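**Q** Sharing target.cif (mmCIF, C-alpha atoms and all ligand atoms) below.
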data_data
loop_
_atom_site.label_atom_id
_atom_site.label_comp_id
_atom_site.auth_asym_id
_atom_site.auth_seq_id
_atom_site.Cartn_x
_atom_site.Cartn_y
_atom_site.Cartn_z
CA MET A 458 -1.56 -19.00 0.70
CA LYS A 459 1.59 -20.94 0.00
CA SER A 460 4.67 -19.82 1.94
CA THR A 461 7.49 -18.25 0.00
CA SER A 462 10.32 -20.61 -0.76
CA LEU A 463 13.36 -19.08 0.87
CA GLN A 464 15.40 -21.24 -1.45
CA ASN A 465 13.97 -19.33 -4.37
CA LEU A 466 14.97 -16.11 -2.70
CA ALA A 467 18.47 -17.42 -2.11
CA VAL A 468 18.78 -18.09 -5.85
CA HIS A 469 17.95 -14.44 -6.48
CA ALA A 470 19.89 -13.04 -3.53
CA GLU A 471 21.99 -10.80 -5.74
CA GLN A 472 18.86 -9.22 -7.24
CA TYR A 473 17.36 -8.71 -3.77
CA GLN A 474 20.56 -7.08 -2.51
CA LYS A 475 20.32 -4.47 -5.26
CA PHE A 476 17.29 -2.98 -3.45
CA GLU A 477 19.25 -2.45 -0.23
CA THR A 478 20.48 1.02 0.72
CA GLU A 479 22.94 2.38 3.24
CA GLN A 480 20.28 4.66 4.77
CA VAL A 481 19.88 4.58 8.53
CA MET A 482 16.52 3.10 9.55
CA THR A 483 14.41 5.57 11.51
CA TRP A 484 11.45 3.31 12.33
CA CYS A 485 11.01 2.20 15.94
CA GLY A 486 12.14 -1.27 16.95
CA GLY A 487 9.41 -3.79 16.15
CA CYS A 488 7.68 -1.49 13.63
CA GLY A 489 5.69 -3.35 10.99
CA ASN A 490 7.13 -1.17 8.26
CA TYR A 491 10.30 -3.31 8.28
CA GLY A 492 8.29 -6.41 7.41
CA ILE A 493 6.31 -4.60 4.70
CA GLN A 494 9.41 -3.17 3.01
CA ASN A 495 11.12 -6.53 3.20
CA ALA A 496 8.12 -8.37 1.76
CA LEU A 497 7.90 -5.95 -1.14
CA LYS A 498 11.58 -6.33 -1.96
CA ARG A 499 11.16 -10.11 -1.86
CA ALA A 500 8.04 -10.00 -4.03
CA LEU A 501 9.69 -7.77 -6.63
CA THR A 502 12.74 -10.03 -6.67
CA LEU A 503 10.68 -13.19 -7.08
CA GLU A 504 8.62 -11.58 -9.85
CA GLY A 505 11.85 -10.69 -11.68
CA LEU A 506 11.31 -6.94 -11.34
CA GLY A 507 14.41 -4.77 -10.95
CA ALA A 508 14.68 -1.11 -9.95
CA GLU A 509 14.32 -0.07 -13.60
CA ASP A 510 10.96 -1.84 -13.96
CA PHE A 511 8.85 0.04 -11.42
CA ILE A 512 8.24 3.33 -9.62
CA TYR A 513 7.38 3.39 -5.95
CA CYS A 514 5.32 6.39 -4.79
CA PHE A 515 5.21 7.21 -1.09
CA ASP A 516 2.72 9.20 0.98
CA VAL A 517 3.73 11.19 4.07
CA GLY A 518 3.82 9.32 7.37
CA CYS A 519 5.93 6.64 9.02
CA SER A 520 5.23 4.47 5.97
CA GLY A 521 6.51 7.29 3.77
CA ASN A 522 9.78 7.28 5.62
CA GLY A 523 10.58 4.10 3.70
CA SER A 524 11.14 6.14 0.55
CA ASP A 525 14.92 6.14 0.87
CA LYS A 526 15.15 2.64 2.32
CA ILE A 527 14.84 0.98 -1.07
CA HIS A 528 17.25 1.48 -3.91
CA ALA A 529 14.74 2.21 -6.67
CA ASN A 530 12.95 5.06 -8.41
CA THR A 531 10.86 6.59 -5.64
CA ILE A 532 8.74 9.72 -5.23
CA HIS A 533 7.74 11.04 -1.81
CA GLY A 534 4.57 13.07 -2.33
CA LEU A 535 2.12 14.97 -0.12
CA HIS A 536 0.04 13.59 2.72
CA GLY A 537 -3.09 11.87 1.42
CA ARG A 538 -2.18 12.51 -2.21
CA VAL A 539 -0.21 9.46 -3.23
CA LEU A 540 -2.94 7.91 -5.36
CA PRO A 541 -3.33 10.75 -7.88
CA LEU A 542 0.44 10.92 -8.01
CA ALA A 543 0.80 7.19 -8.69
CA SER A 544 -2.08 7.15 -11.19
CA GLY A 545 -0.50 10.07 -13.05
CA VAL A 546 2.82 8.26 -13.19
CA LYS A 547 1.10 5.20 -14.64
CA VAL A 548 -0.74 7.20 -17.30
CA ALA A 549 2.50 8.99 -18.23
CA ASN A 550 4.45 5.77 -18.51
CA HIS A 551 2.27 2.70 -18.63
CA LYS A 552 5.25 0.48 -19.41
CA LEU A 553 6.31 0.71 -15.76
CA LYS A 554 4.78 -1.14 -12.84
CA VAL A 555 3.58 1.44 -10.30
CA VAL A 556 3.55 0.74 -6.59
CA ALA A 557 2.15 3.18 -4.01
CA GLY A 558 2.07 3.09 -0.23
CA ALA A 559 0.20 5.13 2.39
CA GLY A 560 -1.03 4.97 5.96
CA ASP A 561 -4.60 4.73 7.22
CA GLY A 562 -4.67 8.43 8.09
CA ALA A 563 -3.62 9.39 4.57
CA THR A 564 -5.91 6.89 2.87
CA PHE A 565 -9.15 7.01 4.86
CA SER A 566 -9.12 10.62 6.11
CA GLU A 567 -6.82 13.11 4.39
CA GLY A 568 -7.01 11.49 0.94
CA VAL A 569 -10.19 9.45 1.12
CA GLY A 570 -11.61 11.10 -2.01
CA HIS A 571 -8.55 10.05 -3.98
CA LEU A 572 -8.99 6.45 -2.83
CA VAL A 573 -12.59 6.42 -4.06
CA HIS A 574 -11.62 7.55 -7.55
CA ALA A 575 -8.54 5.33 -7.79
CA VAL A 576 -10.74 2.30 -7.08
CA ARG A 577 -13.63 3.26 -9.34
CA ASN A 578 -11.32 4.16 -12.23
CA ASP A 579 -9.23 1.02 -11.70
CA TYR A 580 -5.91 2.72 -12.26
CA PRO A 581 -3.26 0.00 -12.64
CA VAL A 582 -1.45 0.62 -9.35
CA VAL A 583 -0.43 -1.78 -6.58
CA PHE A 584 -1.51 0.03 -3.43
CA LEU A 585 -0.03 -0.93 -0.06
CA HIS A 586 -2.31 0.29 2.70
CA HIS A 587 -0.21 0.46 5.88
CA ASP A 588 -3.02 0.09 8.40
CA ASN A 589 -1.58 0.72 11.88
CA GLN A 590 -4.84 2.29 13.09
CA ASN A 591 -3.32 5.66 14.00
CA TYR A 592 -1.58 8.79 12.76
CA ALA A 593 1.83 7.46 13.79
CA LEU A 594 4.24 10.06 12.41
CA THR A 595 2.43 12.87 14.22
CA THR A 596 2.67 10.92 17.51
CA GLY A 597 -0.24 8.56 17.52
CA GLN A 598 -3.56 10.38 17.24
CA ALA A 599 -6.70 8.33 16.55
CA SER A 600 -7.54 7.86 12.88
CA SER A 601 -10.87 6.96 11.33
CA LEU A 602 -9.67 3.33 11.45
CA THR A 603 -8.85 3.31 15.17
CA PRO A 604 -11.29 0.80 16.67
CA ALA A 605 -13.89 2.44 18.95
CA GLY A 606 -12.71 2.70 22.53
CA CYS A 607 -8.99 2.19 21.78
CA LYS A 608 -6.74 4.72 23.48
CA ARG A 609 -4.57 7.00 21.42
CA SER A 610 -2.29 9.93 22.30
CA ALA A 611 -4.89 12.71 21.99
CA THR A 612 -7.80 10.52 23.17
CA PRO A 613 -6.29 8.81 26.25
CA TYR A 614 -9.64 7.43 27.43
CA GLY A 615 -10.59 6.02 24.02
CA GLU A 616 -12.96 8.90 23.44
CA ALA A 617 -12.68 9.17 19.61
CA TRP A 618 -16.43 8.95 19.13
CA GLY A 619 -16.89 8.83 15.35
CA GLU A 620 -17.90 5.52 13.78
CA THR A 621 -14.85 3.47 12.82
CA ILE A 622 -14.52 2.96 9.06
CA ASN A 623 -14.23 -0.63 7.86
CA PRO A 624 -11.58 -0.21 5.14
CA LEU A 625 -12.31 -3.38 3.19
CA GLN A 626 -16.05 -2.87 3.31
CA MET A 627 -15.62 0.64 1.94
CA VAL A 628 -13.31 -0.46 -0.89
CA LEU A 629 -15.52 -3.45 -1.76
CA SER A 630 -18.53 -1.14 -1.99
CA LEU A 631 -16.75 0.67 -4.84
CA LYS A 632 -16.59 -2.50 -6.99
CA PRO A 633 -12.80 -2.86 -7.06
CA SER A 634 -10.96 -5.26 -9.33
CA TRP A 635 -8.70 -6.81 -6.66
CA VAL A 636 -8.56 -6.81 -2.86
CA GLY A 637 -6.16 -8.71 -0.61
CA ARG A 638 -5.27 -8.69 3.07
CA SER A 639 -2.19 -9.72 4.99
CA LEU A 640 -0.18 -8.54 7.97
CA SER A 641 3.25 -7.09 8.51
CA ALA A 642 4.08 -9.80 11.05
CA ASP A 643 3.96 -12.61 8.46
CA THR A 644 6.53 -11.64 5.83
CA ASP A 645 6.16 -14.90 3.90
CA HIS A 646 2.40 -14.53 3.56
CA LEU A 647 2.68 -10.86 2.66
CA THR A 648 5.37 -11.63 0.07
CA GLU A 649 3.08 -14.09 -1.69
CA LEU A 650 0.15 -11.69 -1.57
CA LEU A 651 2.25 -8.87 -3.01
CA ARG A 652 3.43 -11.16 -5.80
CA ALA A 653 -0.21 -11.77 -6.72
CA ALA A 654 -0.91 -8.02 -6.53
CA LEU A 655 2.04 -7.26 -8.81
CA ARG A 656 0.61 -9.65 -11.38
CA HIS A 657 -2.81 -7.97 -11.31
CA GLU A 658 -3.37 -5.54 -14.18
CA GLY A 659 -5.72 -3.11 -12.42
CA PHE A 660 -5.91 -1.38 -9.04
CA ALA A 661 -4.76 -3.83 -6.37
CA PHE A 662 -5.83 -2.79 -2.88
CA VAL A 663 -3.56 -4.55 -0.38
CA GLU A 664 -4.78 -4.16 3.18
CA ILE A 665 -1.77 -4.67 5.46
CA LEU A 666 -2.47 -4.92 9.17
CA GLN A 667 0.65 -3.20 10.38
CA SER A 668 1.99 -3.34 13.91
CA CYS A 669 2.90 -0.03 15.57
CA PRO A 670 4.20 -1.01 19.00
CA THR A 671 4.76 2.63 19.93
CA TYR A 672 1.20 3.94 19.54
CA ASN A 673 -1.06 0.93 18.97
CA ARG A 674 -0.37 -1.25 21.95
CA GLU A 675 -3.72 -3.05 21.84
CA MET A 676 -3.10 -4.78 18.51
CA GLY A 677 0.45 -6.03 18.19
CA ASN A 678 1.95 -8.90 16.22
CA LYS A 679 0.83 -11.53 18.72
CA TRP A 680 -2.73 -10.18 18.77
CA PHE A 681 -2.97 -10.34 14.97
CA LEU A 682 -1.21 -13.69 14.60
CA GLU A 683 -3.67 -15.30 17.02
CA ARG A 684 -6.57 -14.25 14.83
CA VAL A 685 -5.48 -14.59 11.20
CA LYS A 686 -6.49 -17.45 8.94
CA ASP A 687 -5.83 -17.70 5.25
CA VAL A 688 -8.90 -17.62 3.04
CA SER A 689 -7.73 -20.86 1.42
CA THR A 690 -8.82 -22.63 4.63
CA ILE A 691 -12.47 -21.90 3.71
CA ALA A 692 -13.65 -24.84 1.59
CA GLY A 693 -14.97 -23.65 -1.77
CA TYR A 694 -14.23 -19.96 -1.18
CA ASP A 695 -14.81 -18.13 -4.45
CA PRO A 696 -12.72 -14.92 -4.69
CA THR A 697 -14.88 -13.70 -7.59
CA ASP A 698 -17.94 -13.54 -5.31
CA ILE A 699 -18.00 -9.99 -3.96
CA TRP A 700 -20.60 -10.83 -1.32
CA ALA A 701 -18.41 -13.61 0.06
CA ALA A 702 -15.60 -11.05 0.39
CA ARG A 703 -17.95 -8.54 2.01
CA ARG A 704 -19.06 -11.11 4.56
CA LEU A 705 -15.41 -11.69 5.52
CA ALA A 706 -14.77 -7.95 5.65
CA GLU A 707 -17.69 -7.53 8.04
CA MET A 708 -16.45 -10.20 10.44
CA PRO A 709 -15.26 -8.69 13.75
CA TYR A 710 -11.50 -9.16 14.20
CA ASP A 711 -12.12 -11.23 17.32
CA GLU A 712 -14.00 -13.84 15.27
CA GLY A 713 -11.10 -14.26 12.83
CA ILE A 714 -9.24 -12.16 10.28
CA TYR A 715 -9.21 -13.78 6.88
CA THR A 716 -6.18 -13.02 4.73
CA GLY A 717 -5.06 -13.72 1.18
CA VAL A 718 -6.78 -12.71 -2.08
CA LEU A 719 -10.28 -11.92 -0.84
CA TYR A 720 -11.70 -10.60 -4.09
CA HIS A 721 -10.78 -10.55 -7.77
CA ASN A 722 -12.87 -9.52 -10.74
CA PRO A 723 -11.09 -10.99 -13.78
CA GLN A 724 -13.65 -9.36 -16.13
CA ARG A 725 -12.94 -5.79 -15.06
CA GLU A 726 -11.10 -3.65 -17.61
CA ASN A 727 -8.63 -1.21 -16.13
CA PHE A 728 -8.43 2.53 -16.84
CA LEU A 729 -5.88 2.15 -19.61
CA GLU A 730 -8.00 -0.47 -21.37
CA VAL A 731 -11.20 1.55 -21.13
CA VAL A 732 -9.57 4.86 -22.05
CA PRO A 733 -6.98 3.83 -24.64
CA GLN A 734 -3.79 5.82 -24.44
CA ARG A 735 -1.39 6.66 -27.25
CA GLU A 736 -3.25 4.73 -29.95
CA PHE A 737 -0.99 6.16 -32.66
CA GLY A 738 2.25 4.46 -31.70
CA ASP A 739 4.37 2.64 -29.24
CA SER A 740 5.55 5.69 -27.29
CA VAL A 741 4.43 6.74 -23.82
CA LEU A 742 3.79 10.30 -22.69
CA VAL A 743 7.03 10.43 -20.78
CA ASP A 744 8.97 9.84 -24.03
CA GLU A 745 8.00 13.36 -25.06
CA VAL A 746 9.62 15.01 -22.08
CA ARG A 747 12.49 17.13 -23.31
CA HIS A 748 15.22 18.65 -21.20
CA TYR A 749 16.01 22.28 -21.74
CA ASP A 750 18.80 24.31 -20.19
CA ILE A 751 17.08 27.41 -18.80
CA GLY A 752 20.29 28.74 -17.24
CA GLN A 753 20.45 31.73 -19.60
CA GLU A 754 16.83 32.75 -18.96
CA MET A 755 17.31 32.44 -15.19
CA ALA A 756 20.50 34.52 -15.33
CA ALA A 757 18.67 37.20 -17.36
CA MET A 758 15.98 37.41 -14.68
CA LYS A 759 18.47 38.25 -11.93
CA PRO A 760 18.18 41.88 -10.83
C1 LIG B 1 -1.73 17.99 4.03
C2 LIG B 1 -1.11 17.53 5.31
N1 LIG B 1 -1.91 17.33 6.39
C3 LIG B 1 -1.37 16.89 7.55
C4 LIG B 1 -0.02 16.67 7.63
C5 LIG B 1 0.56 16.23 8.96
N2 LIG B 1 0.79 14.81 8.96
C6 LIG B 1 1.95 14.27 8.54
S1 LIG B 1 2.02 12.60 8.74
C7 LIG B 1 0.48 12.61 9.42
C8 LIG B 1 -0.16 11.34 9.92
C9 LIG B 1 0.18 10.15 9.13
O1 LIG B 1 -0.66 9.06 9.50
P1 LIG B 1 -0.84 7.88 8.50
O2 LIG B 1 -1.21 8.38 7.17
O3 LIG B 1 -1.73 6.87 9.11
O4 LIG B 1 0.65 7.28 8.37
P2 LIG B 1 1.56 6.60 9.52
O5 LIG B 1 2.43 7.68 10.06
O6 LIG B 1 0.65 6.01 10.53
O7 LIG B 1 2.34 5.57 8.75
C10 LIG B 1 -0.08 13.90 9.46
C11 LIG B 1 -1.41 14.21 10.01
C12 LIG B 1 0.76 16.88 6.50
N3 LIG B 1 2.08 16.63 6.48
N4 LIG B 1 0.20 17.32 5.36
S1 LIG B 2 5.56 5.25 15.47
FE1 LIG B 2 4.70 3.24 14.92
S2 LIG B 2 4.56 3.24 12.68
FE2 LIG B 2 5.95 4.90 13.29
S3 LIG B 2 7.99 4.02 13.20
FE3 LIG B 2 7.28 3.81 15.30
S4 LIG B 2 6.32 1.79 15.42
FE4 LIG B 2 6.51 2.34 13.24
MG MG B 3 -1.29 5.18 10.31
#
Output the file's structure as structure tokens, nothing else.

**A**
Amino acid sequence: MKSTSLQNLAVHAEQYQKFETEQVMTWCGGCGNYGIQNALKRALTLEGLGAEDFIYCFDVGCSGNGSDKIHANTIHGLHGRVLPLASGVKVANHKLKVVAGAGDGATFSEGVGHLVHAVRNDYPVVFLHHDNQNYALTTGQASSLTPAGCKRSATPYGEAWGETINPLQMVLSLKPSWVGRSLSADTDHLTELLRAALRHEGFAFVEILQSCPTYNREMGNKWFLERVKDVSTIAGYDPTDIWAARRLAEMPYDEGIYTGVLYHNPQRENFLEVVPQREFGDSVLVDEVRHYDIGQEMAAMKP
């Protein structure tokens, strides 16, 4: 993928600055969440999207602690439940771009059923999967994405015996409309990938290999950077060929981690196209929300 032109960002510096907040950062030093949040702000800026153009839904976890680190409309939901939340937001107001973020614990354990249905229904949501291979917020337990044998806080000898889930292979098996992969350590690459995801009209699954220097010491920035190669380096790679993407997904990390847009089905119709919404006018569901003052009723209920 082409690197982001920092010059372009400089032109839009004022727009970028609007996303900044005064909140104190609570992530550990070197945490990949900084790079992810930064890349998203850059991507939104470069795509001309301001705070009024999108809603950002957060799951619970270290990734979720980014919810007040961006000046935008954000919702911080329940653990593992961000995808139904984000899909509901999109159906209620399909004029907005909807972005959602969640960790590997939330996505492939707690909320794995929600992931399955978000992919198969192709809800138009840009989904940032913060894959740090552990339950970081709750002090680093093994997740279903922790590679076999890797040590985590509650399995200090690497004794989490269950088969490790391959996240891309699982998503690709559900016939998604768009799948990309990048890493938190390469903000320029991730920015470009997120720009492409923001332009996609269906469910965009963005696998982000996120460093967690506190609990995942085996796979840090250096480890990932030594292995990644952009998919554009494969001559003739066809991102519409799902089996080509599945072959890359199956490749062990030690043989190379291909990044970029791995799969795209331009024919796929998204949920809103298949199930037409609001055929009778230009309004969206959220336009019908009315505000009522229930002060009197509440006062009457007081003993
Ligand atoms: C329903 C529910 N189950 C469990 C928890 C406890 N909990 C909070 S964060 C977390 C782990 C988060 O791991 P992950 O989703 O990978 O995010 P990370 O912290 O790694 O970014 C757990 C188990 C919770 N808050 N709610
Ligand atoms: S525990 Fe890991 S994921 Fe959480 S803030 Fe620290 S480095 Fe980041
Ligand atoms: Mg995690």

**Q** List the spatial neighbours of segment 523-531 of chain A as a list of chain:residue names - criterion: any atom at most 7 Å away, all atoms listed in the file, same-chain residues fewer than 5 positions off excluded.

**A**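 Listed by chain and then number, they are A:Lys475, A:Phe476, A:Glu477, A:Thr478, A:Gln480, A:Ala508, A:Ile512, A:Tyr513, A:Cys514, A:Phe515.
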
**Q** Please, could you write that set of residues out with C-alpha atoms as an mmCIF file, in the coordinates of the input?

**A**
data_model
loop_
_atom_site.group_PDB
_atom_site.id
_atom_site.type_symbol
_atom_site.label_atom_id
_atom_site.label_comp_id
_atom_site.auth_asym_id
_atom_site.auth_seq_id
_atom_site.Cartn_x
_atom_site.Cartn_y
_atom_site.Cartn_z
ATOM 1 C CA LYS A 475 20.320 -4.470 -5.260
ATOM 2 C CA PHE A 476 17.290 -2.980 -3.450
ATOM 3 C CA GLU A 477 19.250 -2.450 -0.230
ATOM 4 C CA THR A 478 20.480 1.020 0.720
ATOM 5 C CA GLN A 480 20.280 4.660 4.770
ATOM 6 C CA ALA A 508 14.680 -1.110 -9.950
ATOM 7 C CA ILE A 512 8.240 3.330 -9.620
ATOM 8 C CA TYR A 513 7.380 3.390 -5.950
ATOM 9 C CA CYS A 514 5.320 6.390 -4.790
ATOM 10 C CA PHE A 515 5.210 7.210 -1.090
#

**Q** Name the residues, by chain letter and number, that sit within 6 Å of ligand LIG 2 (chain B) using only C-alpha atoms and all ligand atoms, and give them as a list in words.

**A**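 Final answer, ordered by chain and number: Trp484, Cys485, Cys488, Cys519, Ala593, Leu594, Cys669, Pro670, Thr671 and Tyr672 of chain A.
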
**Q** Using only C-alpha atoms and all ligand atoms, which of A:Lys554, A:Arg609, A:His574, A:Arg499 sits nearest ligand MG 3 (chain B)?

**A**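 Looking only at the distances to ligand MG 3 (chain B), the closest residue turns out to be A:Arg609.
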
**Q** Which distance in Å separates atom P2 of ligand LIG 1 (chain B) and atom CA of Val688 of chain A, to one decimal?

**A**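 According to the coordinates, atom P2 of ligand LIG 1 (chain B) and atom CA of Val688 of chain A are separated by 27.2 Å.
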
**Q** When you look at Asn465 of chain A with a cut-off of 12 Å (counting only C-alpha atoms), what residues show up, excluding the ones that are within fewer than 3 positions of it in the same chain? I need them as a count of residues only.

**A** 15

**Q** Between atom CA of Leu651 of chain A and atom CA of Leu497 of chain A, measure the distance and give it in Å to one decimal.

**A**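 Distance reported for this atom pair: 6.6 Å.
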
**Q** Pick from A:Ala661, A:Val741, A:Ala496, A:Leu666: nearest to ligand LIG 1 (chain B), with only C-alpha atoms and all ligand atoms counted?

**A**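 Residue with the minimum atom-to-atom distance to ligand LIG 1 (chain B): A:Leu666.
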
**Q** Just how far from atom CA of Leu572 of chain A is atom CA of His551 of chain A, in Å to one decimal?

**A**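 According to the coordinates, atom CA of His551 of chain A and atom CA of Leu572 of chain A are separated by 19.8 Å.
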
**Q** Using all atoms listed in the file, determine which residues lie at most 7 Å from Ile622 of chain A, disregarding the query and same-chain residues fewer than 2 positions distant; provide the list as a ChimeraX atom specification.

**A** /A:601-602,620,624

**Q** Smallest atom-to-atom distance to ligand MG 3 (chain B): which of A:Ala543, A:Ala559, A:Leu466, A:Leu640, using all atoms listed in the file?

**A**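 Result for the nearest residue to ligand MG 3 (chain B): A:Ala559.
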
**Q** How close does each residue of chain A get to ligand LIG 1 (chain B), giving the shortest atom pair and distance in Å to one decimal for every residue with an atom at most 6 Å away, counting all atoms listed in the file, sorted by chain and residue number, as CSV?

**A**
residue,atom,partner,partner_atom,distance
A:Val517,CA,B:LIG1,S1,5.2
A:Gly518,CA,B:LIG1,O5,3.4
A:Cys519,CA,B:LIG1,O7,3.8
A:Ser520,CA,B:LIG1,O7,4.2
A:His536,CA,B:LIG1,N4,4.6
A:Ala559,CA,B:LIG1,O2,5.9
A:Gly560,CA,B:LIG1,O2,3.6
A:Asp561,CA,B:LIG1,O3,4.0
A:Gly562,CA,B:LIG1,O3,3.5
A:Ala563,CA,B:LIG1,O2,3.7
A:Asn589,CA,B:LIG1,O6,5.9
A:Asn591,CA,B:LIG1,O3,5.3
A:Tyr592,CA,B:LIG1,O1,3.4
A:Ala593,CA,B:LIG1,O6,3.8
A:Leu594,CA,B:LIG1,O5,3.8
A:Thr595,CA,B:LIG1,C7,5.2

**Q** Neighbouring residues of segment 720-727 of chain A were defined as those with any atom within 8 Å, considering all atoms listed in the file; residues of the same chain fewer than 6 positions away were excluded. Please report them as a ChimeraX atom specification.

**A** /A:578-581,633-637,658-660,696-699,702
